[in-house]
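Asker: Quick one: the structure is below, questions incoming.
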Amino acid sequence: MKLSEKNKDFFVNVYDVVRLIPKGRATSYGAIAKYLSSPRSSRMVGWAMNASHTMPDIAAHRVVNRNGLLTGKAHFNPPEIMQERLEREGISVKDDQIVNFQEVFWDPSIELKL
DNA sequence: CCATTGACTTAAG
DNA sequence: CCTTAAGCCAATG
């Protein structure tokens with residue numbers, strides 16, 4: 001790996017994965033962290049999402065915690081937009097939680113496999 | 001430079 | 001079902 005690319009990797013990978021999440025599906029911070037070989041770095045995924053506001057085409061609403069709970073909802077503007085976007089894609093949300101989460105869950109470590 | 005915080009997760013009591 | 005604790009690591013004061 002080139003040294004010039006070394007700096008970025010984690011955050012950039014997070015953005016790439018988020019871009020690959022199919023419409024109507026959702027994944028978790030932990031799943032992304034795990035895919036990036038850092039299963040305990042889910043917080044960094046969240047931090048990357050926090051910075052995603054400055055990035056184009058980052059569907060942060062498709063990333064929730066491992067229970068399908070919309071934990072990052074408060075960071076949207078307005079917060080309700082997160083649930084609205086999910087429902088528009090066909091994902092049912094009840095009480096800030098994704099219904100049938102197990103069905104819409106998209107795990108990069110399985111779907112992208114490699 | 002040290003302390004605190006956080007869009008998380010797992011384990012333990 | 002509840003609270004703590006620990007691990008993770010960039011960002012912020």
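Ligands are numbered from 1 in the order shown, residues from 1 within each chain, and chains are lettered A, B, ... in the order they appear in the structure tokens.
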Pick out the chain A residues within 10 Å of chain B. Count only C-alpha atoms (C1' of nucleotides). Give them as a CSV table (one decimal) with C-alpha atoms, in the first residue's frame.
Answerer:
chain,number,residue,atom,x,y,z
A,28,SER,CA,-25.1,-0.8,11.3
A,29,TYR,CA,-22.1,1.1,12.5
A,30,GLY,CA,-20.7,-2.2,13.9
A,33,ALA,CA,-16.5,-1.3,11.4
A,39,PRO,CA,-15.1,-4.5,14.9
A,40,ARG,CA,-14.5,-2.3,17.9
A,41,SER,CA,-14.3,0.9,16.0
A,42,SER,CA,-18.0,1.5,15.5
A,43,ARG,CA,-17.6,4.9,17.1
A,44,MET,CA,-15.3,6.0,14.3
A,45,VAL,CA,-18.0,5.0,11.8
A,46,GLY,CA,-20.4,7.3,13.7
A,47,TRP,CA,-17.7,10.0,13.6
A,48,ALA,CA,-17.3,9.6,9.9
A,49,MET,CA,-21.0,10.0,9.5
A,50,ASN,CA,-20.9,13.2,11.5
A,60,ALA,CA,-26.2,8.5,6.5
A,61,HIS,CA,-29.9,7.6,7.1
A,63,VAL,CA,-26.8,3.5,8.9
A,64,VAL,CA,-28.3,2.7,12.3
A,65,ASN,CA,-27.2,1.0,15.4
A,66,ARG,CA,-27.2,-2.8,15.7
A,70,LEU,CA,-32.3,5.4,14.6
A,71,THR,CA,-29.7,6.6,17.1
A,72,GLY,CA,-28.2,9.2,14.8
A,73,LYS,CA,-31.6,10.8,14.0
A,74,ALA,CA,-30.9,13.8,16.2
A,75,HIS,CA,-28.0,14.8,14.0
A,76,PHE,CA,-30.1,15.3,11.0
Asker: What residues in chain A get the DSSP label strand (DSSP E)? Please answer as an MDAnalysis selection string.
Answerer: chainID A and resid 27:28 63:64 93:94 97:98
Asker: Which residues, written as a list in words, have at least one atom at most 12 Å from Glu84 (chain A), with only C-alpha atoms (C1' of nucleotides) counted and residues fewer than 3 positions away on the same chain left out?
Answerer: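 Everything that qualifies: His61, Arg62, Leu70, Lys73, Phe76, Asn77, Pro78, Pro79, Glu80, Ile81, Glu87, Arg88, Glu89, Gly90, Ile91, Ser92, Val93, Lys94, Asp96 and Ile98 of chain A.
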Asker: Using DSSP on the backbone, list every residue of region 3-54 of chain A that comes out as alpha helix (DSSP H), and give them as a PyMOL selection string.
Answerer: chain A and resi 3-6+10-20+29-35+42-51
Asker: Quote the spacing between CA of Asn13 (chain A) and C1' of DG13 (chain C) in Å to one decimal place.
Answerer: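 Computed distance, CA of Asn13 (chain A) to C1' of DG13 (chain C), equals 28.9 Å.
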Asker: With 8 Å as the limit and counting only C-alpha atoms (C1' of nucleotides), what residues in chain C lie close to chain A? Please list them as a list of chain:residue names.
Answerer: C:DG7, C:DC8, C:DC9, C:DA10
Asker: Write out, as a JSON list (two decimals), in the first residue's frame, the residues just selected, with C-alpha atoms (C1' of nucleotides).
Answerer:
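As a result, selection16.json now contains:
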[["chain", "number", "residue", "atom", "x", "y", "z"],
["C", 7, "DG", "C1'", -12.55, -1.24, 24.30],
["C", 8, "DC", "C1'", -12.14, 1.76, 20.23],
["C", 9, "DC", "C1'", -9.87, 6.38, 18.40],
["C", 10, "DA", "C1'", -10.67, 11.15, 16.16]]
Asker: Contacts of Ala59 (chain A) at 12 Å or less, counting only C-alpha atoms (C1' of nucleotides), minus same-chain residues fewer than 4 places along, as number ranges by chain?
Answerer: A: 14-27, 48-50, 52-53, 55, 63-64, 76, 81-82, 85-86, 89
Asker: What would the file look like if the residues just selected were written as a PDB file, in the first residue's frame with C-alpha atoms?
Answerer:
ATOM      1  CA  VAL A  14     -16.725   4.049   5.458  1.00  0.00           C
ATOM      2  CA  TYR A  15     -17.911   6.469   2.806  1.00  0.00           C
ATOM      3  CA  ASP A  16     -17.424   3.898   0.062  1.00  0.00           C
ATOM      4  CA  VAL A  17     -19.447   1.291   1.936  1.00  0.00           C
ATOM      5  CA  VAL A  18     -22.266   3.725   2.680  1.00  0.00           C
ATOM      6  CA  ARG A  19     -22.428   4.603  -1.005  1.00  0.00           C
ATOM      7  CA  LEU A  20     -22.818   0.892  -1.782  1.00  0.00           C
ATOM      8  CA  ILE A  21     -25.780   0.319   0.513  1.00  0.00           C
ATOM      9  CA  PRO A  22     -28.680  -0.636  -1.778  1.00  0.00           C
ATOM     10  CA  LYS A  23     -31.820   1.500  -1.697  1.00  0.00           C
ATOM     11  CA  GLY A  24     -34.342   0.092   0.730  1.00  0.00           C
ATOM     12  CA  ARG A  25     -31.705  -1.539   2.889  1.00  0.00           C
ATOM     13  CA  ALA A  26     -29.805  -0.466   5.993  1.00  0.00           C
ATOM     14  CA  THR A  27     -26.717  -1.484   7.919  1.00  0.00           C
ATOM     15  CA  ALA A  48     -17.313   9.555   9.893  1.00  0.00           C
ATOM     16  CA  MET A  49     -21.049   9.990   9.492  1.00  0.00           C
ATOM     17  CA  ASN A  50     -20.858  13.166  11.504  1.00  0.00           C
ATOM     18  CA  SER A  52     -20.480  13.100   6.039  1.00  0.00           C
ATOM     19  CA  HIS A  53     -22.490  16.296   5.977  1.00  0.00           C
ATOM     20  CA  MET A  55     -19.586  14.955   1.598  1.00  0.00           C
ATOM     21  CA  VAL A  63     -26.796   3.527   8.908  1.00  0.00           C
ATOM     22  CA  VAL A  64     -28.303   2.737  12.289  1.00  0.00           C
ATOM     23  CA  PHE A  76     -30.142  15.325  10.951  1.00  0.00           C
ATOM     24  CA  ILE A  81     -35.816  13.581   7.729  1.00  0.00           C
ATOM     25  CA  MET A  82     -34.036  10.360   8.611  1.00  0.00           C
ATOM     26  CA  ARG A  85     -36.068   9.000   3.833  1.00  0.00           C
ATOM     27  CA  LEU A  86     -36.114   5.427   5.114  1.00  0.00           C
ATOM     28  CA  GLU A  89     -37.294   3.754   0.338  1.00  0.00           C
TER      29      GLU A  89
END
Asker: Suppose you want the space between CA of Thr54 (chain A) and CA of Phe10 (chain A); what is it in Å?
Answerer: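 It comes out at 16.7 Å.
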Asker: Between CA of Ile58 (chain A) and CA of Asp107 (chain A), what is the spacing in Å?
Answerer: 17.1 Å
